[in-house]
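Right, one structure below, let's go through it.
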Amino acid sequence: MKAKKIKKELNKKKAPIIKFVSANSWSFQKDHVETWAWAKNVFSPEECQKIIEIGNSLNPNLGKIVAKDGAEITDNFVRKSLISWISPNPNTEWIYIKLQKLVQEVNDQFFKFHITGINEGLQFTKYESPGGHYHTHIDKMYNGIIRKLSLTVQLTDPSKYEGGELEIYQQDKPLVVGKEQGMAILFPSYVLHKVTPVTKGERCSLVGWFTGDPFK
């Protein structure tokens with residue numbers, strides 16, 4: 001490319017937005033990454049029920065947490081839920097295809113992360129009453145799989161359970177997100193969140209973590 005052409009193209013570009021954040025800063029650009037985003041009716045009620053049936057057929061076990069020494073342990077104070085793993089296969093690829101399209105569109109609009117796929121499969125999670133919950137945590141790992149974008153799909157009709165709210169923290173305040181069946185919620189995996197105790201019925205969800213190059 002000739003120098004004149006390069007210069008012409010550079011002149012077309014808009015000047016970067018300069019913003020003072022504090023008296024001691026000189027910021028080149030603003031952070032446009034959202035804390036969370038959502039999409040309704042990603043799955044129909046019939047599709048949600050089918051996913052629940054698939055998850056239950058895989059014999060859910062107690063969910064575990066990673067201890068300080070790296071060992072996986074059961075701690076009902078931190079996490080009380082049953083989980084199974086839905087891997088891609090001819091019977092489940094329709095779930096992956098639909099989520100791939102959704103996540104790519106939502107990521108391009110609200111997060112703009114470099115993501116390449118799912119390395120862990122999809123986690124079917126069941127919170128039963130009384131007390132099924134997941135205490136405040138982040139999904140991002142240290143010295144593990146690079147989780148960049150987290151996804152939760154609400155599978156259960158909200159009239160069938162009480163409690164079990166997914167709360168996402170914006171600074172120090174939790175925000176209760178929607179519970180509509182078939183709704184998908186996405187947020188950066190470093191964002192603090194929790195599931196409050198289920199007090200009646202059971203709440204089922206589908207969870208996934210989308211990976212890519214390390215954050216820079």
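Labels for the structure tokens follow display order: chains A, B, ..., residues from 1 in each chain, ligands from 1.
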### Message
Can you pull out the residues contacting range 144-158 of chain A? Cut-off 7 Å, using only C-alpha atoms, and skip same-chain residues under 3 positions away; I want them as an NGL selection string.
### Response
:A and (48 or 140-141 or 161 or 179-189 or 203-212 or 214)
Go ahead and write the residues just picked, N, CA, C and O atoms, as a compact mmCIF listing (two decimals), in the first residue's frame.
# COMPACT_ATOMS: atom_id res chain seq x y z
N CYS A 48 -37.10 -26.21 26.39
CA CYS A 48 -36.59 -26.17 27.76
C CYS A 48 -36.87 -27.50 28.46
O CYS A 48 -35.99 -28.04 29.16
N LYS A 140 -14.59 -17.09 36.50
CA LYS A 140 -13.21 -17.05 36.01
C LYS A 140 -12.30 -17.90 36.88
O LYS A 140 -12.41 -17.88 38.10
N MET A 141 -11.41 -18.65 36.24
CA MET A 141 -10.47 -19.50 36.96
C MET A 141 -9.08 -18.87 37.00
O MET A 141 -8.70 -18.10 36.12
N TYR A 161 -41.54 -22.46 40.89
CA TYR A 161 -40.62 -22.40 42.02
C TYR A 161 -40.59 -21.00 42.61
O TYR A 161 -41.03 -20.03 41.98
N LYS A 179 -36.51 -14.07 35.15
CA LYS A 179 -36.66 -15.51 35.38
C LYS A 179 -37.50 -16.18 34.29
O LYS A 179 -37.86 -17.34 34.42
N GLU A 180 -37.80 -15.46 33.21
CA GLU A 180 -38.67 -16.03 32.19
C GLU A 180 -38.08 -17.32 31.61
O GLU A 180 -36.88 -17.40 31.34
N GLN A 181 -38.92 -18.30 31.41
CA GLN A 181 -38.48 -19.57 30.84
C GLN A 181 -37.95 -19.34 29.42
O GLN A 181 -38.58 -18.67 28.62
N GLY A 182 -36.78 -19.91 29.15
CA GLY A 182 -36.17 -19.76 27.84
C GLY A 182 -35.30 -18.54 27.69
O GLY A 182 -34.71 -18.32 26.63
N MET A 183 -35.19 -17.73 28.74
CA MET A 183 -34.37 -16.52 28.71
C MET A 183 -32.91 -16.86 28.92
O MET A 183 -32.56 -17.71 29.75
N ALA A 184 -32.03 -16.18 28.18
CA ALA A 184 -30.58 -16.36 28.34
C ALA A 184 -29.97 -15.10 28.91
O ALA A 184 -30.32 -13.98 28.49
N ILE A 185 -29.08 -15.26 29.87
CA ILE A 185 -28.36 -14.15 30.48
C ILE A 185 -26.87 -14.37 30.25
O ILE A 185 -26.36 -15.47 30.47
N LEU A 186 -26.18 -13.34 29.79
CA LEU A 186 -24.74 -13.43 29.54
C LEU A 186 -24.01 -12.33 30.29
O LEU A 186 -24.51 -11.20 30.40
N PHE A 187 -22.82 -12.65 30.79
CA PHE A 187 -22.02 -11.66 31.52
C PHE A 187 -20.56 -12.11 31.51
O PHE A 187 -20.27 -13.31 31.39
N PRO A 188 -19.63 -11.16 31.64
CA PRO A 188 -18.22 -11.53 31.71
C PRO A 188 -17.98 -12.47 32.89
O PRO A 188 -18.56 -12.30 33.96
N SER A 189 -17.12 -13.45 32.69
CA SER A 189 -16.91 -14.48 33.71
C SER A 189 -16.22 -13.96 34.96
O SER A 189 -16.14 -14.67 35.96
N ARG A 203 -35.53 -25.18 40.55
CA ARG A 203 -35.11 -24.34 39.42
C ARG A 203 -34.04 -25.06 38.63
O ARG A 203 -33.01 -25.46 39.19
N CYS A 204 -34.25 -25.21 37.33
CA CYS A 204 -33.26 -25.82 36.46
C CYS A 204 -32.69 -24.77 35.51
O CYS A 204 -33.42 -23.89 35.03
N SER A 205 -31.42 -24.87 35.24
CA SER A 205 -30.78 -23.93 34.33
C SER A 205 -29.73 -24.65 33.50
O SER A 205 -29.29 -25.75 33.84
N LEU A 206 -29.35 -24.01 32.40
CA LEU A 206 -28.28 -24.50 31.54
C LEU A 206 -27.18 -23.46 31.56
O LEU A 206 -27.44 -22.28 31.30
N VAL A 207 -25.97 -23.90 31.88
CA VAL A 207 -24.86 -22.97 32.07
C VAL A 207 -23.72 -23.31 31.12
O VAL A 207 -23.43 -24.49 30.88
N GLY A 208 -23.09 -22.29 30.57
CA GLY A 208 -21.93 -22.51 29.71
C GLY A 208 -20.92 -21.39 29.88
O GLY A 208 -21.26 -20.27 30.28
N TRP A 209 -19.66 -21.71 29.58
CA TRP A 209 -18.58 -20.73 29.66
C TRP A 209 -17.84 -20.71 28.33
O TRP A 209 -17.33 -21.75 27.88
N PHE A 210 -17.76 -19.55 27.74
CA PHE A 210 -17.14 -19.42 26.43
C PHE A 210 -15.71 -18.91 26.58
O PHE A 210 -15.44 -17.97 27.35
N THR A 211 -14.81 -19.56 25.88
CA THR A 211 -13.38 -19.36 26.09
C THR A 211 -12.74 -18.65 24.90
O THR A 211 -13.37 -18.46 23.85
N GLY A 212 -11.49 -18.27 25.09
CA GLY A 212 -10.73 -17.62 24.03
C GLY A 212 -9.35 -17.29 24.54
O GLY A 212 -8.90 -17.82 25.55
N PRO A 214 -6.33 -15.27 26.37
CA PRO A 214 -6.33 -14.57 27.68
C PRO A 214 -6.66 -13.09 27.51
O PRO A 214 -6.33 -12.49 26.49
### Task
Would you list, as a PyMOL selection string, the residues of range 83-202 of chain A that end up in alpha helix (DSSP H) under DSSP run on this structure's backbone?
chain A and resi 93-106
Now that the selection is made, can you save its residues with N, CA and C atoms as a JSON list (two decimals), in the first residue's frame?
[["chain", "number", "residue", "atom", "x", "y", "z"],
["A", 93, "GLU", "N", -26.77, -31.46, 19.48],
["A", 93, "GLU", "CA", -26.10, -30.41, 18.70],
["A", 93, "GLU", "C", -27.04, -29.24, 18.40],
["A", 94, "TRP", "N", -28.36, -29.47, 18.41],
["A", 94, "TRP", "CA", -29.30, -28.37, 18.19],
["A", 94, "TRP", "C", -29.20, -27.32, 19.29],
["A", 95, "ILE", "N", -28.86, -27.76, 20.50],
["A", 95, "ILE", "CA", -28.67, -26.81, 21.61],
["A", 95, "ILE", "C", -27.43, -25.97, 21.35],
["A", 96, "TYR", "N", -26.35, -26.62, 20.98],
["A", 96, "TYR", "CA", -25.09, -25.91, 20.73],
["A", 96, "TYR", "C", -25.21, -24.96, 19.55],
["A", 97, "ILE", "N", -25.88, -25.38, 18.49],
["A", 97, "ILE", "CA", -26.03, -24.53, 17.30],
["A", 97, "ILE", "C", -26.78, -23.25, 17.65],
["A", 98, "LYS", "N", -27.87, -23.40, 18.40],
["A", 98, "LYS", "CA", -28.67, -22.23, 18.77],
["A", 98, "LYS", "C", -27.90, -21.30, 19.69],
["A", 99, "LEU", "N", -27.17, -21.86, 20.66],
["A", 99, "LEU", "CA", -26.40, -21.02, 21.58],
["A", 99, "LEU", "C", -25.22, -20.35, 20.90],
["A", 100, "GLN", "N", -24.58, -21.04, 19.97],
["A", 100, "GLN", "CA", -23.47, -20.43, 19.25],
["A", 100, "GLN", "C", -23.92, -19.16, 18.52],
["A", 101, "LYS", "N", -25.02, -19.26, 17.81],
["A", 101, "LYS", "CA", -25.54, -18.09, 17.07],
["A", 101, "LYS", "C", -25.87, -16.96, 18.03],
["A", 102, "LEU", "N", -26.56, -17.30, 19.13],
["A", 102, "LEU", "CA", -26.93, -16.28, 20.11],
["A", 102, "LEU", "C", -25.71, -15.59, 20.70],
["A", 103, "VAL", "N", -24.76, -16.41, 21.19],
["A", 103, "VAL", "CA", -23.61, -15.86, 21.89],
["A", 103, "VAL", "C", -22.76, -14.99, 20.96],
["A", 104, "GLN", "N", -22.57, -15.40, 19.73],
["A", 104, "GLN", "CA", -21.78, -14.60, 18.80],
["A", 104, "GLN", "C", -22.44, -13.25, 18.55],
["A", 105, "GLU", "N", -23.76, -13.23, 18.40],
["A", 105, "GLU", "CA", -24.46, -11.97, 18.16],
["A", 105, "GLU", "C", -24.42, -11.06, 19.38],
["A", 106, "VAL", "N", -24.70, -11.62, 20.55],
["A", 106, "VAL", "CA", -24.72, -10.81, 21.77],
["A", 106, "VAL", "C", -23.30, -10.32, 22.11]]
### Task
Run DSSP on the backbone and give me the residues of range 79-150 of chain A it puts in strand (DSSP E or B), as number ranges by chain.
A: 79-80, 82-86, 117-118, 122-128, 133-137, 147-150
### Query
Out of A:Phe215, A:Phe124, A:Tyr169, A:Tyr190, which residue has the shortest atom-to-atom distance to Ile52 in chain A when counting only C-alpha atoms?
A:Phe124
### Query
Hey, which of A:Pro174, A:Leu192, A:Lys112, A:Asp139 ends up closest to Asp31 in chain A? Count only C-alpha atoms.
A:Lys112
### Query
Using only C-alpha atoms, which residues sit within 9 Å of Asn56 in chain A once same-chain residues fewer than 6 positions away are excluded, as a VMD selection string?
chain A and resid 83 to 84 124 126
Given the selection you just returned, output its residues as a file containing all heavy atoms, formatted as a short mmCIF file (atom, residue, chain, number, x, y, z; two decimals), in the first residue's frame.
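Contents of selection_28.cif, as written:
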data_model
loop_
_atom_site.label_atom_id
_atom_site.label_comp_id
_atom_site.auth_asym_id
_atom_site.auth_seq_id
_atom_site.Cartn_x
_atom_site.Cartn_y
_atom_site.Cartn_z
N ILE A 83 -25.74 -31.33 39.38
CA ILE A 83 -25.31 -30.97 38.03
C ILE A 83 -25.01 -32.21 37.20
O ILE A 83 -24.67 -33.28 37.72
CB ILE A 83 -24.05 -30.07 38.05
CG1 ILE A 83 -22.83 -30.85 38.58
CG2 ILE A 83 -24.28 -28.82 38.88
CD1 ILE A 83 -21.51 -30.13 38.38
N SER A 84 -25.18 -32.07 35.90
CA SER A 84 -24.70 -33.05 34.93
C SER A 84 -24.18 -32.29 33.73
O SER A 84 -24.42 -31.08 33.59
CB SER A 84 -25.82 -34.03 34.53
OG SER A 84 -26.90 -33.34 33.93
N PHE A 124 -25.88 -28.72 33.05
CA PHE A 124 -27.26 -28.70 33.50
C PHE A 124 -27.25 -28.63 35.02
O PHE A 124 -26.58 -29.43 35.69
CB PHE A 124 -27.99 -29.97 33.04
CG PHE A 124 -29.34 -30.16 33.67
CD1 PHE A 124 -30.41 -29.38 33.29
CD2 PHE A 124 -29.52 -31.13 34.66
CE1 PHE A 124 -31.67 -29.55 33.87
CE2 PHE A 124 -30.76 -31.31 35.24
CZ PHE A 124 -31.84 -30.52 34.85
N LYS A 126 -29.50 -28.12 38.70
CA LYS A 126 -30.81 -28.21 39.34
C LYS A 126 -30.69 -27.77 40.79
O LYS A 126 -29.92 -28.34 41.57
CB LYS A 126 -31.35 -29.65 39.24
CG LYS A 126 -32.72 -29.84 39.84
CD LYS A 126 -33.40 -31.10 39.32
CE LYS A 126 -32.59 -32.35 39.58
NZ LYS A 126 -33.34 -33.57 39.16
#
Using only C-alpha atoms, determine which residues lie at most 9 Å from Gly163 in chain A, disregarding the query and same-chain residues fewer than 6 positions distant; provide the list as a CSV table (one decimal) with N, CA and C atoms, in the first residue's frame.
chain,number,residue,atom,x,y,z
A,195,VAL,N,-26.8,-17.4,43.1
A,195,VAL,CA,-28.2,-17.9,43.0
A,195,VAL,C,-28.7,-18.0,44.5
A,196,THR,N,-29.8,-17.3,44.7
A,196,THR,CA,-30.3,-17.3,46.1
A,196,THR,C,-31.1,-18.6,46.3
A,197,PRO,N,-31.3,-18.9,47.6
A,197,PRO,CA,-31.9,-20.2,48.0
A,197,PRO,C,-33.3,-20.4,47.4
A,198,VAL,N,-33.5,-21.6,46.9
A,198,VAL,CA,-34.9,-22.0,46.4
A,198,VAL,C,-35.7,-22.4,47.6
A,199,THR,N,-36.9,-21.8,47.7
A,199,THR,CA,-37.7,-22.0,48.9
A,199,THR,C,-38.9,-22.9,48.6
A,200,LYS,N,-39.2,-23.1,47.3
A,200,LYS,CA,-40.3,-23.9,46.9
A,200,LYS,C,-40.1,-24.4,45.5
A,203,ARG,N,-35.5,-25.2,40.6
A,203,ARG,CA,-35.1,-24.3,39.4
A,203,ARG,C,-34.0,-25.1,38.6
### Computed interatomic separation between CA of Gln170 in chain A and CA of Ile115 in chain A (Å)
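Here the two named atoms are 23.1 Å from each other.
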